[in-house]
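Okay, query_24.cif is below, mmCIF, C-alpha atoms:
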data_upload
loop_
_atom_site.label_atom_id
_atom_site.label_comp_id
_atom_site.auth_asym_id
_atom_site.auth_seq_id
_atom_site.Cartn_x
_atom_site.Cartn_y
_atom_site.Cartn_z
CA MET A 39 -207.51 72.38 103.23
CA THR A 40 -207.97 68.90 101.75
CA GLU A 41 -210.82 70.30 99.74
CA TYR A 42 -208.52 72.88 98.08
CA LEU A 43 -205.83 70.28 97.44
CA LEU A 44 -208.38 67.98 95.83
CA LEU A 45 -209.68 70.86 93.71
CA LEU A 46 -206.12 71.68 92.61
CA ILE A 47 -205.21 68.10 91.68
CA GLY A 48 -208.60 67.64 90.09
CA THR A 49 -208.12 70.68 87.85
CA VAL A 50 -204.50 69.94 86.94
CA LEU A 51 -204.85 66.24 86.15
CA VAL A 52 -208.43 64.96 86.03
CA ASN A 53 -210.23 67.86 84.39
CA ASN A 54 -207.18 69.14 82.56
CA PHE A 55 -208.25 72.19 80.58
CA VAL A 56 -206.43 71.29 77.39
CA LEU A 57 -206.56 67.53 77.14
CA VAL A 58 -209.87 66.74 78.83
CA GLN A 59 -211.98 69.88 78.43
CA PHE A 60 -210.38 70.85 75.08
CA LEU A 61 -210.00 74.55 75.94
CA GLY A 62 -207.02 76.65 74.89
CA LEU A 63 -205.98 74.43 72.00
CA CYS A 64 -204.73 77.34 69.86
CA PRO A 65 -201.67 78.23 71.99
CA PHE A 66 -201.27 74.51 72.79
CA MET A 67 -200.51 73.81 69.13
CA GLY A 68 -199.07 77.23 68.30
CA VAL A 69 -196.32 77.80 70.86
CA SER A 70 -195.31 74.22 71.57
CA SER A 71 -192.59 73.84 68.94
CA LYS A 72 -189.82 75.03 71.29
CA THR A 73 -189.60 74.23 75.01
CA GLU A 74 -188.14 77.62 75.88
CA THR A 75 -191.06 79.47 74.30
CA ALA A 76 -193.51 77.04 75.86
CA ILE A 77 -192.12 77.74 79.33
CA GLY A 78 -192.38 81.50 78.75
CA MET A 79 -195.95 81.11 77.51
CA SER A 80 -196.76 78.97 80.54
CA PHE A 81 -195.62 81.66 82.94
CA ALA A 82 -197.51 84.39 81.08
CA THR A 83 -200.69 82.30 80.94
CA THR A 84 -200.43 81.26 84.59
CA PHE A 85 -200.13 84.88 85.64
CA VAL A 86 -203.02 85.99 83.45
CA MET A 87 -205.33 83.10 84.38
CA THR A 88 -204.85 83.39 88.13
CA LEU A 89 -205.20 87.16 88.17
CA ALA A 90 -208.15 87.11 85.76
CA SER A 91 -210.05 84.53 87.79
CA VAL A 92 -209.52 86.55 91.00
CA LEU A 93 -210.54 89.84 89.40
CA SER A 94 -213.56 88.37 87.64
CA TYR A 95 -214.68 86.74 90.90
CA ILE A 96 -214.47 90.13 92.65
CA ILE A 97 -216.33 91.90 89.84
CA ASN A 98 -218.99 89.22 89.66
CA SER A 99 -219.76 88.87 93.36
CA TYR A 100 -219.33 92.50 94.48
CA ILE A 101 -220.59 94.44 91.46
CA LEU A 102 -222.67 92.32 89.09
CA VAL A 103 -224.62 90.11 91.53
CA PRO A 104 -225.68 92.88 93.99
CA LEU A 105 -226.83 95.06 91.08
CA GLU A 106 -228.53 92.10 89.34
CA LEU A 107 -226.44 92.61 86.21
CA GLU A 108 -225.29 89.00 85.78
CA TYR A 109 -226.02 89.19 82.05
CA LEU A 110 -222.98 91.49 81.74
CA LYS A 111 -220.57 88.86 83.03
CA THR A 112 -219.16 87.69 79.66
CA MET A 113 -218.52 91.26 78.60
CA SER A 114 -216.94 92.40 81.85
CA PHE A 115 -214.82 89.23 82.13
CA ILE A 116 -213.46 89.83 78.62
CA LEU A 117 -212.66 93.38 79.70
CA VAL A 118 -210.80 92.10 82.77
CA ILE A 119 -208.84 89.55 80.72
CA ALA A 120 -207.90 92.11 78.08
CA VAL A 121 -206.58 94.47 80.73
CA VAL A 122 -204.57 91.78 82.52
CA VAL A 123 -203.08 90.61 79.20
CA GLN A 124 -202.12 94.14 78.20
CA PHE A 125 -200.52 94.62 81.58
CA THR A 126 -198.59 91.34 81.28
CA GLU A 127 -197.44 92.32 77.81
CA MET A 128 -196.03 95.61 79.09
CA VAL A 129 -194.22 93.87 81.94
CA VAL A 130 -192.76 91.16 79.67
CA HIS A 131 -191.66 93.76 77.11
CA LYS A 132 -189.91 95.69 79.86
CA THR A 133 -188.27 92.75 81.59
CA SER A 134 -187.36 90.28 78.82
CA ALA A 135 -187.03 91.52 75.25
CA ASN A 136 -186.07 88.07 74.01
CA LEU A 137 -189.11 86.37 75.53
CA TYR A 138 -191.28 89.16 74.13
CA ARG A 139 -189.96 88.45 70.64
CA LEU A 140 -190.31 84.68 71.00
CA LEU A 141 -193.89 84.85 72.25
CA GLY A 142 -194.71 87.35 69.52
CA ILE A 143 -198.36 87.39 68.56
CA PHE A 144 -199.30 84.69 71.09
CA LEU A 145 -198.91 87.06 74.01
CA PRO A 146 -201.76 89.42 72.99
CA LEU A 147 -203.65 86.33 71.82
CA ILE A 148 -203.97 85.15 75.44
CA THR A 149 -206.90 87.58 75.43
CA THR A 150 -208.75 85.25 73.10
CA ASN A 151 -207.51 82.08 74.81
CA CYS A 152 -210.83 80.43 75.60
CA ALA A 153 -209.31 78.70 78.63
CA VAL A 154 -208.95 82.07 80.39
CA LEU A 155 -212.57 83.09 79.85
CA GLY A 156 -213.52 79.46 80.55
CA VAL A 157 -211.96 79.58 84.02
CA ALA A 158 -213.80 82.79 84.88
CA LEU A 159 -217.16 81.51 83.66
CA ILE A 160 -216.81 78.03 85.24
CA ASN A 161 -215.92 79.74 88.54
CA VAL A 162 -219.29 81.52 88.41
CA ASN A 163 -221.25 78.46 87.26
CA GLU A 164 -219.76 76.18 89.94
CA GLN A 165 -220.35 78.94 92.55
CA HIS A 166 -216.77 78.78 93.78
CA ASN A 167 -215.90 81.06 96.68
CA PHE A 168 -212.95 83.47 96.61
CA PHE A 169 -210.22 80.99 97.55
CA GLU A 170 -211.70 78.23 95.43
CA SER A 171 -211.60 80.67 92.49
CA ILE A 172 -207.92 81.36 93.06
CA VAL A 173 -207.11 77.65 93.38
CA TYR A 174 -209.23 76.79 90.35
CA GLY A 175 -207.64 79.53 88.21
CA PHE A 176 -204.14 78.57 89.28
CA GLY A 177 -204.88 74.86 88.86
CA ALA A 178 -206.23 75.37 85.36
CA ALA A 179 -203.12 77.37 84.45
CA ALA A 180 -200.81 74.80 86.03
CA GLY A 181 -202.53 72.04 84.07
CA PHE A 182 -202.21 74.07 80.87
CA SER A 183 -198.51 74.73 81.59
CA LEU A 184 -197.85 71.10 82.43
CA VAL A 185 -199.22 69.70 79.19
CA LEU A 186 -197.80 72.56 77.12
CA VAL A 187 -194.26 71.98 78.37
CA MET A 188 -194.56 68.19 78.10
CA PHE A 189 -195.97 68.48 74.60
CA SER A 190 -193.25 70.88 73.47
CA ALA A 191 -190.56 68.53 74.79
CA MET A 192 -192.16 65.74 72.75
CA ARG A 193 -192.34 67.93 69.65
CA GLU A 194 -188.64 68.77 69.96
CA LYS A 195 -187.94 65.03 69.93
CA LEU A 196 -190.36 64.55 67.03
CA ALA A 197 -188.51 67.16 64.97
CA ASP A 198 -185.51 64.81 64.86
CA ALA A 199 -187.51 61.61 64.52
CA ASP A 200 -187.83 59.72 61.26
CA VAL A 201 -191.55 60.33 60.70
CA PRO A 202 -193.21 58.89 57.57
CA LYS A 203 -193.77 61.61 55.02
CA PRO A 204 -197.61 61.88 55.19
CA PHE A 205 -197.41 62.35 58.98
CA LYS A 206 -194.65 64.97 59.03
CA GLY A 207 -195.12 68.30 60.82
CA SER A 208 -198.54 69.18 62.21
CA ALA A 209 -200.07 65.77 61.49
CA ILE A 210 -197.84 63.86 63.90
CA ALA A 211 -198.23 66.71 66.42
CA PHE A 212 -202.02 66.31 66.37
CA ILE A 213 -201.73 62.53 66.71
CA THR A 214 -199.38 63.00 69.68
CA ALA A 215 -201.82 65.45 71.27
CA GLY A 216 -204.61 62.90 70.83
CA LEU A 217 -202.53 60.16 72.48
CA MET A 218 -201.70 62.51 75.36
CA SER A 219 -205.40 63.24 75.75
CA LEU A 220 -206.12 59.49 75.93
CA ALA A 221 -203.41 59.13 78.56
CA PHE A 222 -204.93 61.94 80.64
CA MET A 223 -208.30 60.23 80.53
CA GLY A 224 -206.63 57.58 82.66
CA PHE A 225 -206.78 60.04 85.56
CA THR A 226 -210.59 59.92 85.58
CA GLY A 227 -211.76 58.70 88.95
CA LEU A 228 -208.51 59.70 90.69
CA VAL A 229 -210.34 62.38 92.67
CA LYS A 230 -213.94 61.93 93.75
CA PHE A 231 -215.92 65.17 93.87
CA MET B 291 -234.83 102.05 81.84
CA THR B 292 -232.99 102.51 85.16
CA SER B 293 -231.43 99.07 84.90
CA LEU B 294 -230.18 99.91 81.41
CA LEU B 295 -228.61 103.13 82.65
CA LEU B 296 -227.17 101.30 85.65
CA ALA B 297 -225.62 98.66 83.38
CA LEU B 298 -224.08 101.35 81.18
CA LEU B 299 -222.80 103.23 84.22
CA VAL B 300 -221.27 100.12 85.79
CA LEU B 301 -219.49 99.03 82.61
CA GLY B 302 -218.35 102.60 82.02
CA VAL B 303 -216.87 102.89 85.51
CA ILE B 304 -215.12 99.51 85.25
CA ALA B 305 -213.72 100.42 81.82
CA ALA B 306 -212.54 103.83 83.04
CA LEU B 307 -210.81 102.26 86.06
CA PHE B 308 -209.01 99.71 83.90
CA GLY B 309 -208.12 102.40 81.37
CA ALA B 310 -206.53 104.47 84.12
CA LEU B 311 -204.62 101.40 85.35
CA LEU B 312 -203.28 100.66 81.86
CA GLY B 313 -202.37 104.30 81.31
CA PHE B 314 -200.41 104.29 84.54
CA ALA B 315 -198.72 101.00 83.62
CA SER B 316 -197.73 102.24 80.17
CA VAL B 317 -195.91 105.18 81.78
CA LYS B 318 -194.39 103.03 84.51
CA PHE B 319 -193.19 100.24 82.19
CA LYS B 320 -192.19 102.47 79.30
CA VAL B 321 -189.56 100.80 77.10
CA GLU B 322 -186.86 103.10 75.77
CA GLY B 323 -186.33 101.96 72.19
CA ASP B 324 -186.04 98.25 71.62
CA PRO B 325 -183.62 96.78 74.17
CA LEU B 326 -182.90 93.79 71.91
CA VAL B 327 -181.73 96.09 69.12
CA GLU B 328 -179.44 97.89 71.57
CA GLN B 329 -177.92 94.60 72.71
CA LEU B 330 -177.40 93.41 69.13
CA ASP B 331 -175.89 96.73 68.14
CA ALA B 332 -173.40 96.42 70.99
CA LEU B 333 -172.23 93.04 69.62
CA LEU B 334 -171.61 94.33 66.08
CA PRO B 335 -168.15 95.68 65.30
CA GLN B 336 -169.37 99.24 64.53
CA THR B 337 -167.28 99.56 61.39
CA GLN B 338 -170.45 100.86 59.64
CA CYS B 339 -169.11 99.13 56.54
CA GLY B 340 -172.46 98.21 54.99
CA GLN B 341 -171.23 94.86 53.70
CA CYS B 342 -174.33 93.23 55.19
CA GLY B 343 -176.47 95.21 52.76
CA TYR B 344 -177.73 97.61 55.45
CA PRO B 345 -176.54 101.19 55.79
CA GLY B 346 -174.66 100.59 59.02
CA CYS B 347 -174.53 98.43 62.14
CA LYS B 348 -177.67 99.79 63.87
CA PRO B 349 -179.96 99.16 60.87
CA TYR B 350 -178.56 95.63 60.58
CA ALA B 351 -179.18 95.11 64.31
CA GLU B 352 -182.80 96.19 63.79
CA ALA B 353 -183.13 93.83 60.82
CA VAL B 354 -181.72 90.91 62.85
CA ALA B 355 -184.19 91.65 65.63
CA ASN B 356 -186.94 91.41 63.01
CA GLY B 357 -185.75 88.05 61.72
CA GLU B 358 -182.98 88.80 59.20
CA SER B 359 -180.35 86.06 59.06
CA ILE B 360 -177.50 86.53 61.52
CA ASN B 361 -174.58 85.60 59.29
CA LYS B 362 -174.07 88.74 57.22
CA CYS B 363 -171.49 90.62 59.25
CA ALA B 364 -168.18 90.08 57.45
CA PRO B 365 -165.94 92.21 59.69
CA GLY B 366 -167.33 90.55 62.81
CA GLY B 367 -166.73 87.05 61.46
CA GLU B 368 -167.58 83.78 63.20
CA ASP B 369 -167.08 85.31 66.63
CA THR B 370 -169.82 87.91 66.23
CA ILE B 371 -172.18 85.38 64.64
CA LYS B 372 -171.73 83.10 67.65
CA LYS B 373 -172.47 85.94 70.09
CA ILE B 374 -175.57 87.01 68.15
CA ALA B 375 -176.74 83.38 68.02
CA ASP B 376 -176.37 83.13 71.81
CA LEU B 377 -178.33 86.33 72.35
CA MET B 378 -181.11 85.40 69.96
CA GLY B 379 -181.26 81.79 71.13
CA VAL B 380 -180.71 80.33 67.66
CA GLU B 381 -178.11 78.07 66.11
CA PRO B 382 -174.94 79.78 64.80
CA GLU B 383 -174.61 79.63 61.02
CA PRO B 384 -171.49 79.83 58.90
CA LEU B 385 -170.68 83.24 57.46
CA ASP B 386 -172.76 83.95 54.37
CA GLY B 387 -170.57 83.36 51.34
CA ALA B 388 -171.88 86.43 49.52
CA HIS B 389 -170.68 88.58 52.39
CA GLU B 390 -167.38 86.88 52.97
CA GLN B 391 -164.61 89.33 52.29
CA ASP B 392 -161.25 88.43 50.86
CA ASN B 393 -159.09 89.21 53.78
CA THR B 394 -156.31 91.15 52.06
CA PRO B 395 -156.38 94.56 53.73
CA LYS B 396 -157.28 97.32 51.31
CA VAL B 397 -157.47 101.08 51.40
CA ALA B 398 -159.40 103.40 49.15
CA PHE B 399 -157.40 105.38 46.63
CA ILE B 400 -158.60 108.46 44.74
CA ILE B 401 -157.34 108.83 41.18
CA GLU B 402 -156.68 112.49 41.62
CA GLU B 403 -156.69 113.51 37.94
CA ASP B 404 -160.30 112.34 37.60
CA CYS B 405 -161.62 113.85 40.85
CA ILE B 406 -164.13 116.66 40.26
CA GLY B 407 -164.35 117.71 43.90
CA CYS B 408 -168.00 116.85 44.49
CA THR B 409 -167.49 115.97 48.24
CA LYS B 410 -169.86 113.00 47.94
CA CYS B 411 -167.23 110.56 49.14
CA ILE B 412 -166.45 112.78 52.13
CA GLN B 413 -170.08 112.54 53.25
CA ALA B 414 -170.03 108.77 52.80
CA CYS B 415 -166.85 108.18 54.77
CA PRO B 416 -167.70 106.88 58.28
CA VAL B 417 -164.25 107.56 59.72
CA ASP B 418 -163.46 110.98 58.14
CA ALA B 419 -160.48 109.60 56.27
CA ILE B 420 -161.05 111.78 53.19
CA ILE B 421 -159.90 115.38 53.05
CA GLY B 422 -160.89 117.91 50.43
CA ALA B 423 -163.35 120.72 49.81
CA ALA B 424 -165.94 121.54 47.16
CA LYS B 425 -164.37 121.78 43.69
CA GLN B 426 -161.00 120.91 45.21
CA MET B 427 -159.31 117.63 44.63
CA HIS B 428 -159.83 115.09 47.43
CA THR B 429 -157.43 112.62 48.85
CA ILE B 430 -157.47 109.79 51.32
CA ILE B 431 -155.54 109.53 54.55
CA SER B 432 -154.60 105.91 54.12
CA ASP B 433 -153.68 105.48 57.79
CA GLU B 434 -157.25 106.36 58.77
CA CYS B 435 -158.99 104.41 56.01
CA THR B 436 -160.63 101.19 57.25
CA GLY B 437 -161.16 99.82 53.75
CA CYS B 438 -164.94 99.72 54.13
CA ASP B 439 -165.46 100.74 50.46
CA LEU B 440 -168.51 102.90 51.28
CA CYS B 441 -166.99 105.81 49.32
CA VAL B 442 -166.72 103.83 46.08
CA ALA B 443 -170.41 103.76 45.21
CA PRO B 444 -171.23 107.48 45.70
CA CYS B 445 -168.42 108.69 43.40
CA PRO B 446 -170.04 110.01 40.19
CA VAL B 447 -166.87 109.70 38.10
CA ASP B 448 -165.65 106.36 39.49
CA CYS B 449 -162.32 107.76 40.49
CA ILE B 450 -162.07 105.78 43.76
CA GLU B 451 -160.67 102.30 43.75
CA MET B 452 -159.77 99.87 46.47
CA ARG B 453 -156.11 98.98 46.41
CA PRO B 454 -154.50 96.27 48.46
CA ILE B 455 -151.96 97.61 50.91
CA ALA B 456 -148.50 96.78 49.63
CA GLN B 457 -146.60 94.67 52.06
CA THR B 458 -143.52 96.44 53.29
CA THR B 459 -141.08 95.73 56.03
CA LYS B 460 -142.97 98.32 58.07
CA ASN B 461 -146.41 96.73 58.04
CA TRP B 462 -145.31 93.10 57.85
CA GLN B 463 -146.35 91.28 61.02
CA TRP B 464 -143.04 90.13 62.27
CA ASP B 465 -144.32 88.24 65.31
CA LEU B 466 -140.82 88.09 66.63
CA ASN B 467 -141.98 87.09 70.09
CA SER B 468 -143.81 84.05 68.83
CA ILE B 469 -140.71 82.47 67.32
CA PRO B 470 -139.73 79.89 69.87
CA VAL B 471 -136.13 80.70 70.62
CA VAL B 472 -134.91 78.37 73.27
CA GLU B 473 -131.48 77.80 74.59
CA LEU B 474 -130.38 74.24 74.16
CA ASP B 475 -128.21 72.80 76.75
#

Just dump the structure as structure tokens.
Amino acid sequence: MTEYLLLLIGTVLVNNFVLVQFLGLCPFMGVSSKTETAIGMSFATTFVMTLASVLSYIINSYILVPLELEYLKTMSFILVIAVVVQFTEMVVHKTSANLYRLLGIFLPLITTNCAVLGVALINVNEQHNFFESIVYGFGAAAGFSLVLVMFSAMREKLADADVPKPFKGSAIAFITAGLMSLAFMGFTGLVKF
Amino acid sequence: MTSLLLALLVLGVIAALFGALLGFASVKFKVEGDPLVEQLDALLPQTQCGQCGYPGCKPYAEAVANGESINKCAPGGEDTIKKIADLMGVEPEPLDGAHEQDNTPKVAFIIEEDCIGCTKCIQACPVDAIIGAAKQMHTIISDECTGCDLCVAPCPVDCIEMRPIAQTTKNWQWDLNSIPVVELD
């Protein structure tokens, strides 16, 4: 049990996907200008990441490894992710039209979010078992959501701030992201693996 | 050779399974129309007046859902703009000046000597307030007319004009109940 908890905290804080491993930066910059959208994106990504890591674990260990087809893993994982994203898109469209409009192009773009494929591939490389894969996928998504929501809250404040002209807009956002990344490096050594 | 065929077969089966799943989901989660457009349409006053520049309330609702500015509905006024802003999650804006109507109530009036009986205004009228037949002179039932001025543009001989409703003792808002008559003791 402790092992899973450590893995979860380790993925959320120490090896944060966005700020430490630099995966999934596109939606991190793209959908962080409003907190409401960021929260919606967080839920969608969490759902997709967790489900995709479970499904890709199942496909890898029960289909690809027994048949010695490991070289197909990138392709089949992309297939899994695309299906899960499509499915999520349908559900979001049905349940919340407003969220669907706000997320816009970023919802189908979860397919190409490298963090999602990253989780699936790291699960295989680190030889995680089934439950570790679930925890790792969920932890990665939780870490992504955490920094995305925090960053969007900061950007909402920045929109009102008196920023010098050369730093306005994206520039100050990138600087803020860099400072956040520095802050997250402070977690290094919190969990010993 | 066998491993190649096996790889193809495995990917094919996985793809077919996922395809079937998505096909099922697309039937199960089918969206009838665009629910946001329906909700926006319900907020609009349904006068079909076209003052927003769109040919009716539904087209304007569609345009708003696609990012058109929310402050173009003159009949709805500030109230409707506020409701749309709440639904869309944006800030309310003041009514667009270009679409602000002068609030004197008007009705359409057909200059009957000029009317050629083309029926074009009858087709344009959203509330069926124009009577007449082909090659017969038309006239307007002023009690039914909402003053939307949609019939003005289609008229080929410009015989329709918008006239302010003359204030009479009948249509003057007396508001008798709101006069505070109190008994002094």

Residues matched by the PyMOL selection byres ((chain A) within 8 of (chain B)), written as an MDAnalysis selection string | chainID A and resid 107 110 114 117:118 121 124:125 128:129 131:132 135:136

Close residues, B:Val354 itself excluded, 10 Å, all atoms listed in the file, min 4 positions apart in chain, as a PyMOL selection string | chain B and resi 326-327+330-331+348-350+358-362+374+378

Please, which residues are within 10 Å of (-170.1, 94.4, 53.4) by the file's coordinates, counting all atoms listed in the file, and could they come as a ChimeraX atom specification?
-> /B:337-346,362-365,388-391,438-440

Starting from the point (-206.1, 73.1, 69.3), work out which residues of protein, DNA or RNA have an atom no more than 12 Å away when counting all atoms listed in the file; state them as a PDB file with C-alpha atoms, in the frame of the given file.
ATOM      1  CA  PHE A  55    -208.250  72.190  80.580  1.00  0.00           C
ATOM      2  CA  VAL A  56    -206.430  71.290  77.390  1.00  0.00           C
ATOM      3  CA  LEU A  57    -206.560  67.530  77.140  1.00  0.00           C
ATOM      4  CA  GLN A  59    -211.980  69.880  78.430  1.00  0.00           C
ATOM      5  CA  PHE A  60    -210.380  70.850  75.080  1.00  0.00           C
ATOM      6  CA  LEU A  61    -210.000  74.550  75.940  1.00  0.00           C
ATOM      7  CA  GLY A  62    -207.020  76.650  74.890  1.00  0.00           C
ATOM      8  CA  LEU A  63    -205.980  74.430  72.000  1.00  0.00           C
ATOM      9  CA  CYS A  64    -204.730  77.340  69.860  1.00  0.00           C
ATOM     10  CA  PRO A  65    -201.670  78.230  71.990  1.00  0.00           C
ATOM     11  CA  PHE A  66    -201.270  74.510  72.790  1.00  0.00           C
ATOM     12  CA  MET A  67    -200.510  73.810  69.130  1.00  0.00           C
ATOM     13  CA  GLY A  68    -199.070  77.230  68.300  1.00  0.00           C
ATOM     14  CA  VAL A  69    -196.320  77.800  70.860  1.00  0.00           C
ATOM     15  CA  SER A  70    -195.310  74.220  71.570  1.00  0.00           C
ATOM     16  CA  ASN A 151    -207.510  82.080  74.810  1.00  0.00           C
ATOM     17  CA  CYS A 152    -210.830  80.430  75.600  1.00  0.00           C
ATOM     18  CA  ALA A 153    -209.310  78.700  78.630  1.00  0.00           C
ATOM     19  CA  LEU A 186    -197.800  72.560  77.120  1.00  0.00           C
ATOM     20  CA  SER A 208    -198.540  69.180  62.210  1.00  0.00           C
ATOM     21  CA  ALA A 211    -198.230  66.710  66.420  1.00  0.00           C
ATOM     22  CA  PHE A 212    -202.020  66.310  66.370  1.00  0.00           C
ATOM     23  CA  ILE A 213    -201.730  62.530  66.710  1.00  0.00           C
ATOM     24  CA  ALA A 215    -201.820  65.450  71.270  1.00  0.00           C
ATOM     25  CA  GLY A 216    -204.610  62.900  70.830  1.00  0.00           C
ATOM     26  CA  SER A 219    -205.400  63.240  75.750  1.00  0.00           C
TER      27      SER A 219
END

Atom CA of B:Ala443 to atom CA of B:Glu383: how many Å, to one decimal?
->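 It comes out at 29.2 Å.
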
Shell of 8 Å around stretch 454-463 of chain B, only C-alpha atoms, local chain residues under 2 positions omitted, as a list in words =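 The neighbour list is Thr394, Pro395, Lys396, Val397, Met452 and Asp465 of chain B.
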
Tell me, as a ChimeraX atom specification, which residues lie within 10 Å of A:Leu141, counting only C-alpha atoms; anything in the same chain fewer than 2 positions away does not count.
-> /A:69,74-76,78-79,82,127,130,136-139,143-147

Output C-alpha atoms for every residue in that selection, as a PDB file, in the frame of the given file.
ATOM      1  CA  VAL A  69    -196.320  77.800  70.860  1.00  0.00           C
ATOM      2  CA  GLU A  74    -188.140  77.620  75.880  1.00  0.00           C
ATOM      3  CA  THR A  75    -191.060  79.470  74.300  1.00  0.00           C
ATOM      4  CA  ALA A  76    -193.510  77.040  75.860  1.00  0.00           C
ATOM      5  CA  GLY A  78    -192.380  81.500  78.750  1.00  0.00           C
ATOM      6  CA  MET A  79    -195.950  81.110  77.510  1.00  0.00           C
ATOM      7  CA  ALA A  82    -197.510  84.390  81.080  1.00  0.00           C
ATOM      8  CA  GLU A 127    -197.440  92.320  77.810  1.00  0.00           C
ATOM      9  CA  VAL A 130    -192.760  91.160  79.670  1.00  0.00           C
ATOM     10  CA  ASN A 136    -186.070  88.070  74.010  1.00  0.00           C
ATOM     11  CA  LEU A 137    -189.110  86.370  75.530  1.00  0.00           C
ATOM     12  CA  TYR A 138    -191.280  89.160  74.130  1.00  0.00           C
ATOM     13  CA  ARG A 139    -189.960  88.450  70.640  1.00  0.00           C
ATOM     14  CA  ILE A 143    -198.360  87.390  68.560  1.00  0.00           C
ATOM     15  CA  PHE A 144    -199.300  84.690  71.090  1.00  0.00           C
ATOM     16  CA  LEU A 145    -198.910  87.060  74.010  1.00  0.00           C
ATOM     17  CA  PRO A 146    -201.760  89.420  72.990  1.00  0.00           C
ATOM     18  CA  LEU A 147    -203.650  86.330  71.820  1.00  0.00           C
TER      19      LEU A 147
END

Option closest in space to A:Phe189, from A:Thr214, A:Asn167, A:Asn54, A:Thr49 [counting only C-alpha atoms] =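 Under the stated criterion, the closest residue is A:Thr214.
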
Å distance separating atom CA of B:Ala351 from atom CA of A:Ser134, one decimal place =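 Distance between the two atoms: 17.3 Å.
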
Atom CA of A:Met218 to atom CA of A:Val185, straight-line distance in Å |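 Separation of atom CA of A:Val185 and atom CA of A:Met218: 8.5 Å.
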